[in-house]
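Participant: Let me give you the structure first, and then I'll get to my questions.
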Amino acid sequence: MKTTTKLTLTAVAALVLAGCAAPLPSSAELDQITRDIVARSFRAQGQAQLDRVQPDEDNRLCAEADRTGVPVPEALAKAIEARNMATVRPPSDGKYLGDWKQGETIAQDGRGKTWTDQNPDANGGNCYNCHQISKEELSYGTLGPSLYNYGKLRGVTDPNSAAAKPIVEYTWGKLVNSRAYNACSSMPRFGHMGILDETKMKHLMALLLDPASPVNK
Amino acid sequence: MSNPHRALRAAALLLGVAPWLAAPAWAQKSATDSIAEYRQMLQDGNPADLFEAKGEDLWKQKRGPKGVSLEACDLGKGPGVVKGAWVELPRYFADTGRVQDVESRLLTCMVRLQGFNEEEILKTPFGRGEQNTLTALATWISAESRGLKFNLSQSHPQERVMYEVGKRLFFMRGGTHDFACATCHAQDDKRIRLQDLPNITKASGAALGFGAWPAYRVSNGQMWSMQLRLNDCYRQQRFPYPIFGSEATIALGVYMGVNAKGGESIAPAIKR
């Protein structure tokens, strides 16, 4: 017993002394070290509680794909999309479009959900941070595709028509939970994560799909 | 103040900042261009100079309960060696047994040499008390390596583990919005609103993104260290609050700094 301890200690010392020669922990071990470090490195502040650094399974899989450059296998991607699709419900009153003017205000608003935001429900859509939307706003980001002429380019002349139904439902689903259509989308899951309520999402729907909206001019 | 001319010049420039901010919003590229132009104009008189001068002063001053200076502080290249230290941080320190960035290392020196209370400084918000000391010191220390190339060590096992952890943190999606550092900083030529985003997964982008802080921020007139830069990134990611000098912030520093290898340090820089 005594000899074993001595030998182990010698081995550890040799490893430390060797420095460069010490092998890197395995990928699974590094994942665990990272989780332990995250647990020690953050504290709750305001509405930003520690559950926010305990990623769900979909986030974990997508982050690993991003880091390794190896996409999530197709079957798994389909499963992620299916379980996110299951969270999408149509608007409770069946009406998909609100007021595009209020939608523009929500699209401009980048506030909400940070530890300095007091009201957990006063959230904007952050849309212009990543997307071009109306032609008038020149200060837009480029992380997402341009949404200028969104409805027009998709042939939506009457959002209430049967012909427009697939696009209207797809756009709603994309706002509620973007992963329903793209397993590792970078877009926030606005409805699913409680960032935007139904009314706000309807106003954004109108901004994108109402033929009277500046987006479709 | 060891260089009163530098400080005076910076003070004079500070007064001239406001009119420039009224730059027209009509042409998109012009906003970015005029920021670049403005930085060029201030190249010889960045308001960061004020903090730099203050930092040098604080390094040499006898301070703290023990009434000694920081001139015996070892930033990695031996006690008192400042030049070139910045472009090799974060690195492993045998006397603490961990990898440290410039701010956590300075904190160690302030506690061990000068007798400051570590817990108290860790609790102090950015922009107050001894946190201001740390920012000024980091500004001066970075300036002493201006023009040198980033060359972080990856020879100690802990340095290599911290790189791998930093990489995992960089890609970690979380918060209410599922954002990772990588959401904004893993592609070329992207921007948020009009703000250009460096691709930190590449050497050139990492040098731009990591190698600019500490930086003077024109929009709020504050000097921001890397710890504060990361803190505000995490705030905007809707993550909880990263503890000052925590392992996560240091691991990200290692990831970015190692990626920046060979890139030139322009810190302390001037930012939007």
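Residue numbering restarts at 1 for every chain of the structure tokens, chains are lettered A, B, ... in their displayed order, and ligands are numbered from 1 as they appear.
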For chain B, list the residues within 9 Å of chain A, counting only C-alpha atoms, and write the list as a PyMOL selection string.
Facilitator: chain B and resi 25-28+154-157+160-162+164-180+182-184+187+189-196+234-249
Participant: Neighbouring residues of B:Phe150 were defined as those with any atom within 6 Å, considering only C-alpha atoms; residues of the same chain fewer than 5 positions away were excluded. Please report them as a list in words.
Facilitator: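 Using only C-alpha atoms, the neighbours found are Val87, Lys261, Gly262 and Gly263 of chain B.
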Participant: Between B:Glu264, B:Leu134, B:Arg229, B:Tyr216, which has the minimum distance to B:Gly45 (counting only C-alpha atoms)?
Facilitator: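 Of the candidates, the smallest distance to B:Gly45 is held by B:Tyr216.
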Participant: Within stretch 38-183 of chain A, find each residue whose DSSP state, derived from the backbone, is alpha helix (DSSP H), and express the selection as a PyMOL selection string.
Facilitator: chain A and resi 38-41+57-68+74-85+100-108+127-130+150-153+165-176
Participant: Restricting the calculation to only C-alpha atoms: of B:Leu197, B:Leu50, B:Leu107, B:Leu152, which residue gets closest to B:Val258?
Facilitator: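 Using only C-alpha atoms, the shortest distance to B:Val258 belongs to B:Leu152.
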Participant: What's the 8 Å shell around B:Gly211, counting only C-alpha atoms, without same-chain residues fewer than 2 positions away, as a list in words?
Facilitator: Ala206, Ala207, Leu208, Gly209, Trp213, Gly257, Ala260, Gly263, Glu264, Ser265, Ile266 and Ala267 of chain B
Participant: Could you save those same residues with N, CA and C atoms as an mmCIF file, in the first residue's frame?
Facilitator:
data_model
loop_
_atom_site.group_PDB
_atom_site.id
_atom_site.type_symbol
_atom_site.label_atom_id
_atom_site.label_comp_id
_atom_site.auth_asym_id
_atom_site.auth_seq_id
_atom_site.Cartn_x
_atom_site.Cartn_y
_atom_site.Cartn_z
ATOM 1 N N ALA B 206 -8.924 38.007 -34.026
ATOM 2 C CA ALA B 206 -8.626 37.886 -32.595
ATOM 3 C C ALA B 206 -7.722 39.034 -32.149
ATOM 4 N N ALA B 207 -6.754 39.388 -33.010
ATOM 5 C CA ALA B 207 -5.863 40.499 -32.667
ATOM 6 C C ALA B 207 -6.663 41.801 -32.588
ATOM 7 N N LEU B 208 -7.608 41.949 -33.527
ATOM 8 C CA LEU B 208 -8.458 43.152 -33.526
ATOM 9 C C LEU B 208 -9.363 43.197 -32.303
ATOM 10 N N GLY B 209 -9.981 42.070 -31.995
ATOM 11 C CA GLY B 209 -10.963 42.012 -30.919
ATOM 12 C C GLY B 209 -10.332 41.968 -29.541
ATOM 13 N N TRP B 213 -8.187 45.948 -26.246
ATOM 14 C CA TRP B 213 -8.607 46.305 -24.891
ATOM 15 C C TRP B 213 -7.465 46.173 -23.916
ATOM 16 N N GLY B 257 -6.388 35.282 -26.938
ATOM 17 C CA GLY B 257 -4.985 35.692 -27.011
ATOM 18 C C GLY B 257 -4.136 34.726 -27.816
ATOM 19 N N ALA B 260 -4.773 35.090 -31.363
ATOM 20 C CA ALA B 260 -4.227 36.355 -31.888
ATOM 21 C C ALA B 260 -2.728 36.280 -32.150
ATOM 22 N N GLY B 263 -0.323 38.678 -34.125
ATOM 23 C CA GLY B 263 -0.992 39.961 -34.379
ATOM 24 C C GLY B 263 -0.397 41.050 -33.505
ATOM 25 N N GLU B 264 -0.461 42.289 -34.006
ATOM 26 C CA GLU B 264 0.141 43.388 -33.279
ATOM 27 C C GLU B 264 -0.813 43.938 -32.224
ATOM 28 N N SER B 265 -0.274 44.239 -31.043
ATOM 29 C CA SER B 265 -1.097 44.834 -29.992
ATOM 30 C C SER B 265 -1.235 46.333 -30.213
ATOM 31 N N ILE B 266 -2.494 46.796 -30.298
ATOM 32 C CA ILE B 266 -2.738 48.241 -30.485
ATOM 33 C C ILE B 266 -3.286 48.877 -29.203
ATOM 34 N N ALA B 267 -3.413 48.030 -28.145
ATOM 35 C CA ALA B 267 -3.958 48.553 -26.886
ATOM 36 C C ALA B 267 -2.987 49.564 -26.259
#
Participant: In Å, rounded to a single decimal, give me how far atom CA of A:Lys217 is from atom CA of A:Asn149.
Facilitator: 6.8 Å
Participant: Residues at most 12 Å from A:Tyr150, counting only C-alpha atoms, excluding those fewer than 3 positions away in the same chain, as a PyMOL selection string?
Facilitator: chain A and resi 131-135+145-147+153-157+167-168+171+204-211+213-217
Participant: Keeping C-alpha atoms, export the residues of the selection given above as a compact mmCIF listing (two decimals), in the first residue's frame.
Facilitator:
# COMPACT_ATOMS: atom_id res chain seq x y z
CA HIS A 131 -31.61 42.00 -40.23
CA GLN A 132 -32.34 44.64 -42.81
CA ILE A 133 -36.12 45.15 -42.59
CA SER A 134 -37.64 48.42 -43.81
CA LYS A 135 -35.74 50.39 -46.42
CA PRO A 145 -30.68 37.61 -44.06
CA SER A 146 -32.36 40.77 -45.34
CA LEU A 147 -36.11 40.80 -44.66
CA LEU A 153 -40.97 38.44 -52.56
CA ARG A 154 -43.06 35.49 -51.35
CA GLY A 155 -46.09 36.62 -53.34
CA VAL A 156 -48.25 37.55 -50.35
CA THR A 157 -50.94 39.95 -51.56
CA ILE A 167 -45.97 31.40 -45.62
CA VAL A 168 -47.99 32.93 -42.78
CA THR A 171 -43.26 32.90 -40.44
CA LEU A 204 -43.93 41.63 -36.14
CA MET A 205 -45.93 39.33 -38.46
CA ALA A 206 -47.74 42.41 -39.79
CA LEU A 207 -44.44 44.25 -40.28
CA LEU A 208 -43.22 41.38 -42.47
CA LEU A 209 -46.43 40.31 -44.24
CA ASP A 210 -48.93 43.18 -44.38
CA PRO A 211 -48.92 44.60 -47.94
CA SER A 213 -46.13 47.67 -44.30
CA PRO A 214 -43.10 49.67 -45.53
CA VAL A 215 -41.27 46.32 -45.69
CA ASN A 216 -43.38 45.39 -48.72
CA LYS A 217 -43.20 48.70 -50.53
Participant: Based on DSSP run over this structure's backbone, return all residues of stretch 35-105 of chain A in strand (DSSP E or B), as a ChimeraX atom specification.
Facilitator: /A:42-43,45,48
Participant: Kindly save the residues from that selection, with C-alpha atoms included, as an mmCIF file, in the first residue's frame.
Facilitator:
data_model
loop_
_atom_site.group_PDB
_atom_site.id
_atom_site.type_symbol
_atom_site.label_atom_id
_atom_site.label_comp_id
_atom_site.auth_asym_id
_atom_site.auth_seq_id
_atom_site.Cartn_x
_atom_site.Cartn_y
_atom_site.Cartn_z
ATOM 1 C CA PHE A 42 -20.984 33.221 -12.683
ATOM 2 C CA ARG A 43 -23.350 34.619 -10.092
ATOM 3 C CA GLN A 45 -27.792 39.151 -10.917
ATOM 4 C CA ALA A 48 -30.295 36.736 -15.018
#
Participant: At what distance in Å, to one decimal, does atom CA of B:Ala251 lie from atom CA of B:Ala136?
Facilitator: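 A separation of 22.5 Å between them.
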Participant: Leaving out B:Ala48 and any residue of its chain fewer than 6 positions from it, which residues lie within 8 Å of it when counting only C-alpha atoms, given as a ChimeraX atom specification?
Facilitator: /B:10,139,215-216,223,268-270
